[in-house]
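Below is my_file.tsv, which holds TSV, C-alpha atoms.
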```tsv
chain	number	residue	atom	x	y	z
A	231	MET	CA	88.06	-51.87	-4.25
A	232	SER	CA	91.63	-51.14	-5.31
A	233	ARG	CA	90.48	-49.24	-8.42
A	234	ILE	CA	88.54	-46.80	-6.26
A	235	TRP	CA	91.65	-46.15	-4.14
A	236	ILE	CA	93.70	-45.54	-7.26
A	237	ILE	CA	91.13	-43.04	-8.56
A	238	VAL	CA	90.96	-41.27	-5.16
A	239	TRP	CA	94.76	-41.22	-4.99
A	240	ALA	CA	94.98	-39.75	-8.53
A	241	ILE	CA	92.44	-37.04	-7.68
A	242	VAL	CA	94.36	-36.10	-4.51
A	243	ILE	CA	97.67	-35.94	-6.39
A	244	TRP	CA	96.07	-33.88	-9.15
A	245	GLN	CA	94.61	-31.43	-6.58
A	246	ILE	CA	97.95	-31.03	-4.78
A	247	ALA	CA	99.72	-30.43	-8.09
A	248	ALA	CA	97.10	-27.85	-9.08
A	249	TRP	CA	97.62	-25.96	-5.81
A	250	ALA	CA	101.40	-26.20	-5.99
A	251	PHE	CA	101.78	-25.00	-9.56
A	252	ALA	CA	98.92	-22.54	-9.88
A	253	PRO	CA	100.06	-18.93	-10.33
A	254	GLU	CA	99.56	-16.67	-7.33
A	255	PRO	CA	96.80	-14.12	-7.73
A	256	LYS	CA	98.09	-10.63	-8.34
A	257	ALA	CA	97.30	-8.17	-5.56
A	258	ARG	CA	95.91	-4.98	-7.02
A	259	PRO	CA	96.85	-1.79	-5.21
A	260	ALA	CA	93.99	0.38	-4.10
A	261	ALA	CA	93.20	3.05	-6.63
A	262	PRO	CA	93.91	6.58	-5.43
A	263	ILE	CA	90.76	8.49	-4.67
A	264	ASP	CA	89.90	12.13	-4.88
A	265	GLY	CA	88.82	13.44	-1.54
A	266	PRO	CA	90.16	14.81	1.70
A	267	GLY	CA	93.48	12.93	1.50
A	268	TYR	CA	92.85	10.68	4.48
A	269	GLY	CA	90.59	7.89	5.63
A	270	THR	CA	87.99	7.45	8.31
A	271	SER	CA	90.53	6.40	10.96
A	272	GLU	CA	92.68	9.52	10.57
A	273	LYS	CA	91.96	10.71	14.12
A	274	TYR	CA	94.06	7.79	15.38
A	275	SER	CA	96.92	8.71	13.06
A	276	VAL	CA	96.79	12.31	14.28
A	277	ASP	CA	97.07	11.08	17.88
A	278	GLY	CA	99.88	8.73	16.84
A	279	ARG	CA	101.85	11.56	15.24
A	280	ALA	CA	101.53	13.62	18.43
A	281	ILE	CA	102.79	10.69	20.52
A	282	LYS	CA	105.72	10.11	18.13
A	283	ARG	CA	106.67	13.79	18.38
A	284	GLU	CA	106.59	13.71	22.19
A	285	SER	CA	108.66	10.54	22.23
A	286	VAL	CA	111.38	11.79	19.90
A	287	ILE	CA	111.60	15.15	21.66
A	288	ALA	CA	112.08	13.30	24.95
A	289	ALA	CA	114.84	11.24	23.32
A	290	LEU	CA	116.51	14.32	21.84
A	291	GLU	CA	116.35	16.17	25.16
A	292	ARG	CA	118.02	13.36	27.11
A	293	PRO	CA	121.31	14.26	28.75
A	294	TYR	CA	124.10	14.13	26.21
A	295	GLY	CA	126.05	11.56	28.22
A	296	ALA	CA	123.11	9.15	28.16
A	297	ARG	CA	123.01	9.14	24.35
A	298	CYS	CA	126.14	7.03	23.96
A	299	THR	CA	125.86	3.97	26.16
A	300	GLY	CA	123.50	1.36	27.46
A	301	GLU	CA	119.80	1.89	27.86
A	302	GLY	CA	120.09	5.62	27.20
A	303	ARG	CA	121.56	4.94	23.75
A	304	LYS	CA	118.82	2.43	22.95
A	305	GLN	CA	116.18	4.98	23.90
A	306	PHE	CA	117.88	7.76	21.93
A	307	ILE	CA	118.31	5.73	18.73
A	308	GLY	CA	114.94	4.03	19.18
A	309	GLY	CA	113.16	7.38	19.53
A	310	LEU	CA	114.78	8.76	16.38
A	311	ASP	CA	114.17	5.58	14.41
A	312	SER	CA	110.52	5.29	15.41
A	313	TYR	CA	109.66	8.91	14.64
A	314	TYR	CA	111.39	9.00	11.25
A	315	TYR	CA	110.13	5.51	10.35
A	316	HIS	CA	106.51	6.56	10.82
A	317	ARG	CA	107.07	9.88	9.11
A	318	GLN	CA	108.72	8.32	6.05
A	319	ASN	CA	106.16	5.52	5.89
A	320	GLN	CA	103.22	7.93	5.94
A	321	MET	CA	104.89	10.21	3.39
A	322	GLU	CA	105.02	7.21	1.03
A	323	ARG	CA	101.69	5.54	1.83
A	324	TYR	CA	99.29	8.50	1.83
A	325	PRO	CA	100.01	9.42	-1.81
A	326	GLU	CA	99.68	5.75	-2.81
A	327	THR	CA	96.33	5.45	-1.09
A	328	PHE	CA	94.77	8.88	-1.54
A	329	GLY	CA	96.62	10.33	-4.53
A	330	GLN	CA	97.64	13.98	-4.68
A	331	PRO	CA	95.20	15.06	-1.92
A	332	GLY	CA	96.89	12.52	0.36
A	333	ALA	CA	100.36	13.77	-0.55
A	334	ASP	CA	99.38	17.37	0.15
A	335	TYR	CA	97.62	16.47	3.38
A	336	ILE	CA	100.43	14.38	4.87
A	337	ALA	CA	103.13	16.87	3.86
A	338	LYS	CA	101.24	19.51	5.82
A	339	GLN	CA	100.79	17.18	8.81
A	340	TRP	CA	104.55	16.54	9.05
A	341	SER	CA	105.63	20.18	8.72
A	342	THR	CA	104.58	21.65	12.05
A	343	GLY	CA	106.78	23.80	14.23
A	344	GLU	CA	107.52	20.75	16.37
A	345	ASP	CA	108.65	18.81	13.31
A	346	ARG	CA	111.03	21.61	12.31
A	347	ARG	CA	112.41	21.64	15.87
A	348	ILE	CA	112.90	17.86	15.74
A	349	GLU	CA	114.75	18.22	12.42
A	350	ARG	CA	117.02	20.91	13.89
A	351	LEU	CA	117.79	18.81	16.98
A	352	THR	CA	118.43	15.80	14.73
A	353	GLN	CA	120.86	17.84	12.62
A	354	GLU	CA	122.70	18.99	15.74
A	355	ALA	CA	122.93	15.45	17.16
A	356	TYR	CA	124.21	14.15	13.83
A	357	ALA	CA	126.79	16.91	13.45
A	358	GLN	CA	128.05	16.31	16.98
A	359	GLY	CA	128.45	12.60	16.28
A	360	TYR	CA	125.79	11.17	18.58
A	361	PHE	CA	124.54	8.85	15.83
A	362	THR	CA	125.33	7.77	12.30
A	363	LEU	CA	122.90	6.92	9.54
A	364	SER	CA	123.81	3.24	9.90
A	365	ASP	CA	122.35	3.29	13.44
A	366	LEU	CA	118.87	3.69	11.95
A	367	GLY	CA	116.65	1.26	10.08
A	368	SER	CA	116.39	1.56	6.32
A	369	VAL	CA	112.99	3.30	6.26
A	370	ALA	CA	113.96	5.91	8.86
A	371	ARG	CA	117.37	6.34	7.24
A	372	LYS	CA	115.75	7.56	3.99
A	373	MET	CA	114.11	10.45	5.81
A	374	VAL	CA	117.09	11.27	8.04
A	375	GLU	CA	119.45	11.31	5.04
A	376	ASN	CA	117.36	14.13	3.65
A	377	VAL	CA	117.25	15.97	6.99
A	378	VAL	CA	121.05	15.86	7.53
A	379	LYS	CA	122.20	16.11	3.90
A	380	ASN	CA	123.83	19.52	4.40
A	381	GLU	CA	125.33	18.70	7.80
A	382	ARG	CA	128.98	18.00	8.38
A	383	VAL	CA	130.03	15.80	11.30
A	384	THR	CA	132.28	18.04	13.41
A	385	ALA	CA	132.80	15.80	16.46
A	386	LYS	CA	132.60	12.17	17.52
A	387	ALA	CA	130.69	12.41	20.78
A	388	CYS	CA	129.96	8.68	20.81
A	389	GLY	CA	133.13	7.60	19.02
```

So, in terms of structure tokens, how does the structure I just supplied come out?
Amino acid sequence: MSRIWIIVWAIVIWQIAAWAFAPEPKARPAAPIDGPGYGTSEKYSVDGRAIKRESVIAALERPYGARCTGEGRKQFIGGLDSYYYHRQNQMERYPETFGQPGADYIAKQWSTGEDRRIERLTQEAYAQGYFTLSDLGSVARKMVENVVKNERVTAKACG
């Protein structure tokens, strides 16, 4: 009886070792496809972009005094961060997923009149010192750095 337990024990140890030391399978990225530049669930992304625009415009139109303290500051920074996070993320992911058609499509989707207004209001808020780049998350910061690259901070409204 003890030989059977030794064999079972050896098989269990061998199986655990095989799982522990086996190389992880490599995840293969989806191959870019030629096509419209978006997937079947794009209608939800379109709605999401509209909601993000409304949210950030509401944050940018908050009273200036509310941008610097408490809940108002959290809403202001959170609105900016969320909008630019999603924008930057989609600008990176659509080309990865859908190739050049995806890059062209998403660039057009994020260059509406509302988006240009949001960029202008962001530049003004940055120049007036209502936020710094370090207030934003790393993904959003990449996009905002590009938006405010030619702006000079002229005041420290929240300093």

State, in Å with one decimal place, the distance from atom CA of Trp340 of chain A to atom CA of Gly302 of chain A.
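For atom CA of Trp340 of chain A relative to atom CA of Gly302 of chain A, the distance reads 26.3 Å.
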
Nearest candidate to Tyr294 of chain A (options A:Ser368, A:Phe306, A:Met321, A:Gln245; using all atoms listed in the file):
A:Phe306

Considering all atoms listed in the file, return as an MDAnalysis selection string whatever protein or nucleic-acid residues lie within 12 Å of Val276 of chain A, sequence-local ones (same chain, fewer than 4 positions apart) excluded.
chainID A and resid 268:272 280:283 316:317 320 335:336 338:340

Can you spit out the residues from that selection as an mmCIF file, in the frame of the given file, using C-alpha atoms?
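This is the output file again_13.cif:
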```
data_model
loop_
_atom_site.group_PDB
_atom_site.id
_atom_site.type_symbol
_atom_site.label_atom_id
_atom_site.label_comp_id
_atom_site.auth_asym_id
_atom_site.auth_seq_id
_atom_site.Cartn_x
_atom_site.Cartn_y
_atom_site.Cartn_z
ATOM 1 C CA TYR A 268 92.850 10.680 4.480
ATOM 2 C CA GLY A 269 90.590 7.890 5.630
ATOM 3 C CA THR A 270 87.990 7.450 8.310
ATOM 4 C CA SER A 271 90.530 6.400 10.960
ATOM 5 C CA GLU A 272 92.680 9.520 10.570
ATOM 6 C CA ALA A 280 101.530 13.620 18.430
ATOM 7 C CA ILE A 281 102.790 10.690 20.520
ATOM 8 C CA LYS A 282 105.720 10.110 18.130
ATOM 9 C CA ARG A 283 106.670 13.790 18.380
ATOM 10 C CA HIS A 316 106.510 6.560 10.820
ATOM 11 C CA ARG A 317 107.070 9.880 9.110
ATOM 12 C CA GLN A 320 103.220 7.930 5.940
ATOM 13 C CA TYR A 335 97.620 16.470 3.380
ATOM 14 C CA ILE A 336 100.430 14.380 4.870
ATOM 15 C CA LYS A 338 101.240 19.510 5.820
ATOM 16 C CA GLN A 339 100.790 17.180 8.810
ATOM 17 C CA TRP A 340 104.550 16.540 9.050
#
```

With only C-alpha atoms as the atoms that count, which of A:Gln305, A:Gln330, A:Thr299, A:Ser232 lies nearest to Gly267 of chain A?
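Between A:Gln305, A:Gln330, A:Thr299, A:Ser232, the residue approaching Gly267 of chain A most closely is A:Gln330.
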
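If you count only C-alpha atoms and ignore residues fewer than 5 places along the chain from Gln353 of chain A, what sits within 7 Å of it is A:Val377, A:Val378, A:Glu381.
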
Please write out, as AutoDock Vina command-line options, where the centre of an axis-aligned box around all listed atoms of segment 316-324 of chain A lies and how long its edges are, in Å to one decimal, after adding 3 Å on each side.
```
--center_x 104.0 --center_y 7.9 --center_z 5.9 --size_x 15.4 --size_y 10.7 --size_z 15.8
```

I'd like the contact shell of segment 288-293 of chain A - 10 Å cut-off, only C-alpha atoms, skipping same-chain residues fewer than 6 positions apart - returned as an mmCIF file with C-alpha atoms, keeping the file's coordinate frame.
```
data_model
loop_
_atom_site.group_PDB
_atom_site.id
_atom_site.type_symbol
_atom_site.label_atom_id
_atom_site.label_comp_id
_atom_site.auth_asym_id
_atom_site.auth_seq_id
_atom_site.Cartn_x
_atom_site.Cartn_y
_atom_site.Cartn_z
ATOM 1 C CA LYS A 282 105.720 10.110 18.130
ATOM 2 C CA GLY A 302 120.090 5.620 27.200
ATOM 3 C CA ARG A 303 121.560 4.940 23.750
ATOM 4 C CA LYS A 304 118.820 2.430 22.950
ATOM 5 C CA GLN A 305 116.180 4.980 23.900
ATOM 6 C CA PHE A 306 117.880 7.760 21.930
ATOM 7 C CA ILE A 307 118.310 5.730 18.730
ATOM 8 C CA GLY A 308 114.940 4.030 19.180
ATOM 9 C CA GLY A 309 113.160 7.380 19.530
ATOM 10 C CA LEU A 310 114.780 8.760 16.380
ATOM 11 C CA ILE A 348 112.900 17.860 15.740
ATOM 12 C CA LEU A 351 117.790 18.810 16.980
ATOM 13 C CA THR A 352 118.430 15.800 14.730
ATOM 14 C CA GLU A 354 122.700 18.990 15.740
ATOM 15 C CA ALA A 355 122.930 15.450 17.160
#
```

Calculated over all atoms listed in the file, which of the candidates A:Val238, A:Ala250, A:Ala387, A:Ala333 has the smallest distance to Gly295 of chain A?
A:Ala387

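Proximity to Asp311 of chain A was assessed for A:Trp235, A:Phe361, A:Phe251, A:Trp244 counting all atoms listed in the file; the smallest distance is recorded for A:Phe361.
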
Using all atoms listed in the file - which residues lie no farther than 9 Å from the point (127.3, 13.7, 18.6) in the file's frame? Write them as a list in words.
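Residues found, by chain and rising number: Tyr294, Arg297, Cys298, Glu354, Ala355, Tyr356, Ala357, Gln358, Gly359, Tyr360, Phe361, Thr362, Val383, Thr384, Ala385, Lys386, Ala387, Cys388 and Gly389 of chain A.
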
Two-atom distance - atom CA of Arg347 of chain A, atom CA of Gly332 of chain A (Å)
23.8 Å

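With only C-alpha atoms as the atoms that count, the minimum distance from Leu363 of chain A to the choices A:Tyr314, A:Tyr274, A:Asp345, A:Asn319 is reached by A:Tyr314.
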
Pairwise distance, atom CA of Leu366 of chain A with atom CA of Glu301 of chain A, equals 16.0 Å

Min atom-atom distance to Ser285 of chain A from the set A:Pro266, A:Glu344, A:Trp249, A:Glu375, counting all atoms listed in the file, belongs to A:Glu344

Could you give me segment 272-283 of chain A completed to all heavy atoms, formatted as a CSV table (one decimal), in the coordinates of the input?
```
chain,number,residue,atom,x,y,z
A,272,GLU,N,91.6,8.5,10.5
A,272,GLU,CA,92.7,9.5,10.6
A,272,GLU,C,92.9,10.1,12.0
A,272,GLU,O,94.0,10.4,12.4
A,272,GLU,CB,92.4,10.7,9.6
A,272,GLU,CG,93.5,11.7,9.5
A,272,GLU,CD,94.9,11.1,9.1
A,272,GLU,OE1,95.0,10.1,8.5
A,272,GLU,OE2,95.9,11.8,9.5
A,273,LYS,N,91.8,10.2,12.8
A,273,LYS,CA,92.0,10.7,14.1
A,273,LYS,C,93.0,9.9,14.9
A,273,LYS,O,93.7,10.5,15.7
A,273,LYS,CB,90.6,10.8,14.8
A,273,LYS,CG,90.0,9.4,15.1
A,273,LYS,CD,88.6,9.6,15.8
A,273,LYS,CE,88.0,8.2,16.0
A,273,LYS,NZ,86.7,8.3,16.7
A,274,TYR,N,93.1,8.6,14.7
A,274,TYR,CA,94.1,7.8,15.4
A,274,TYR,C,95.5,8.1,14.9
A,274,TYR,O,96.4,8.1,15.7
A,274,TYR,CB,93.7,6.3,15.2
A,274,TYR,CG,92.3,6.0,15.7
A,274,TYR,CD1,91.3,5.6,14.8
A,274,TYR,CD2,92.0,6.1,17.1
A,274,TYR,CE1,90.1,5.3,15.3
A,274,TYR,CE2,90.7,5.8,17.5
A,274,TYR,CZ,89.8,5.4,16.6
A,274,TYR,OH,88.5,5.2,17.1
A,275,SER,N,95.6,8.4,13.6
A,275,SER,CA,96.9,8.7,13.1
A,275,SER,C,97.4,10.1,13.6
A,275,SER,O,98.6,10.3,13.9
A,275,SER,CB,96.9,8.7,11.5
A,275,SER,OG,96.6,7.4,11.0
A,276,VAL,N,96.5,11.0,13.7
A,276,VAL,CA,96.8,12.3,14.3
A,276,VAL,C,97.3,12.1,15.7
A,276,VAL,O,98.3,12.7,16.1
A,276,VAL,CB,95.6,13.3,14.2
A,276,VAL,CG1,95.8,14.5,15.0
A,276,VAL,CG2,95.2,13.6,12.8
A,277,ASP,N,96.6,11.4,16.5
A,277,ASP,CA,97.1,11.1,17.9
A,277,ASP,C,98.4,10.4,17.9
A,277,ASP,O,99.3,10.7,18.7
A,277,ASP,CB,96.1,10.2,18.6
A,277,ASP,CG,94.7,10.9,18.9
A,277,ASP,OD1,94.7,12.2,18.8
A,277,ASP,OD2,93.7,10.2,19.1
A,278,GLY,N,98.6,9.4,17.0
A,278,GLY,CA,99.9,8.7,16.8
A,278,GLY,C,101.0,9.7,16.5
A,278,GLY,O,102.1,9.5,17.0
A,279,ARG,N,100.8,10.6,15.6
A,279,ARG,CA,101.8,11.6,15.2
A,279,ARG,C,102.2,12.4,16.5
A,279,ARG,O,103.4,12.7,16.7
A,279,ARG,CB,101.4,12.4,14.1
A,279,ARG,CG,101.5,11.7,12.7
A,279,ARG,CD,101.3,12.7,11.6
A,279,ARG,NE,99.9,13.1,11.4
A,279,ARG,CZ,99.0,12.4,10.7
A,279,ARG,NH1,99.3,11.2,10.2
A,279,ARG,NH2,97.7,12.9,10.6
A,280,ALA,N,101.3,12.8,17.2
A,280,ALA,CA,101.5,13.6,18.4
A,280,ALA,C,102.4,12.8,19.4
A,280,ALA,O,103.3,13.3,20.0
A,280,ALA,CB,100.2,14.1,19.1
A,281,ILE,N,102.0,11.5,19.6
A,281,ILE,CA,102.8,10.7,20.5
A,281,ILE,C,104.2,10.5,20.0
A,281,ILE,O,105.2,10.5,20.8
A,281,ILE,CB,102.1,9.3,20.7
A,281,ILE,CG1,100.8,9.6,21.5
A,281,ILE,CG2,103.0,8.3,21.4
A,281,ILE,CD1,99.8,8.4,21.5
A,282,LYS,N,104.4,10.3,18.7
A,282,LYS,CA,105.7,10.1,18.1
A,282,LYS,C,106.6,11.4,18.3
A,282,LYS,O,107.7,11.3,18.6
A,282,LYS,CB,105.7,9.8,16.6
A,282,LYS,CG,105.1,8.4,16.4
A,282,LYS,CD,106.0,7.3,17.0
A,282,LYS,CE,105.4,6.0,16.8
A,282,LYS,NZ,106.0,5.0,17.6
A,283,ARG,N,105.9,12.5,18.2
A,283,ARG,CA,106.7,13.8,18.4
A,283,ARG,C,107.1,13.9,19.8
A,283,ARG,O,108.3,14.3,20.1
A,283,ARG,CB,105.8,15.0,18.0
A,283,ARG,CG,105.6,15.1,16.5
A,283,ARG,CD,104.7,16.4,16.2
A,283,ARG,NE,104.5,16.4,14.8
A,283,ARG,CZ,103.3,16.2,14.2
A,283,ARG,NH1,102.2,15.9,15.0
A,283,ARG,NH2,103.2,16.3,12.9
```
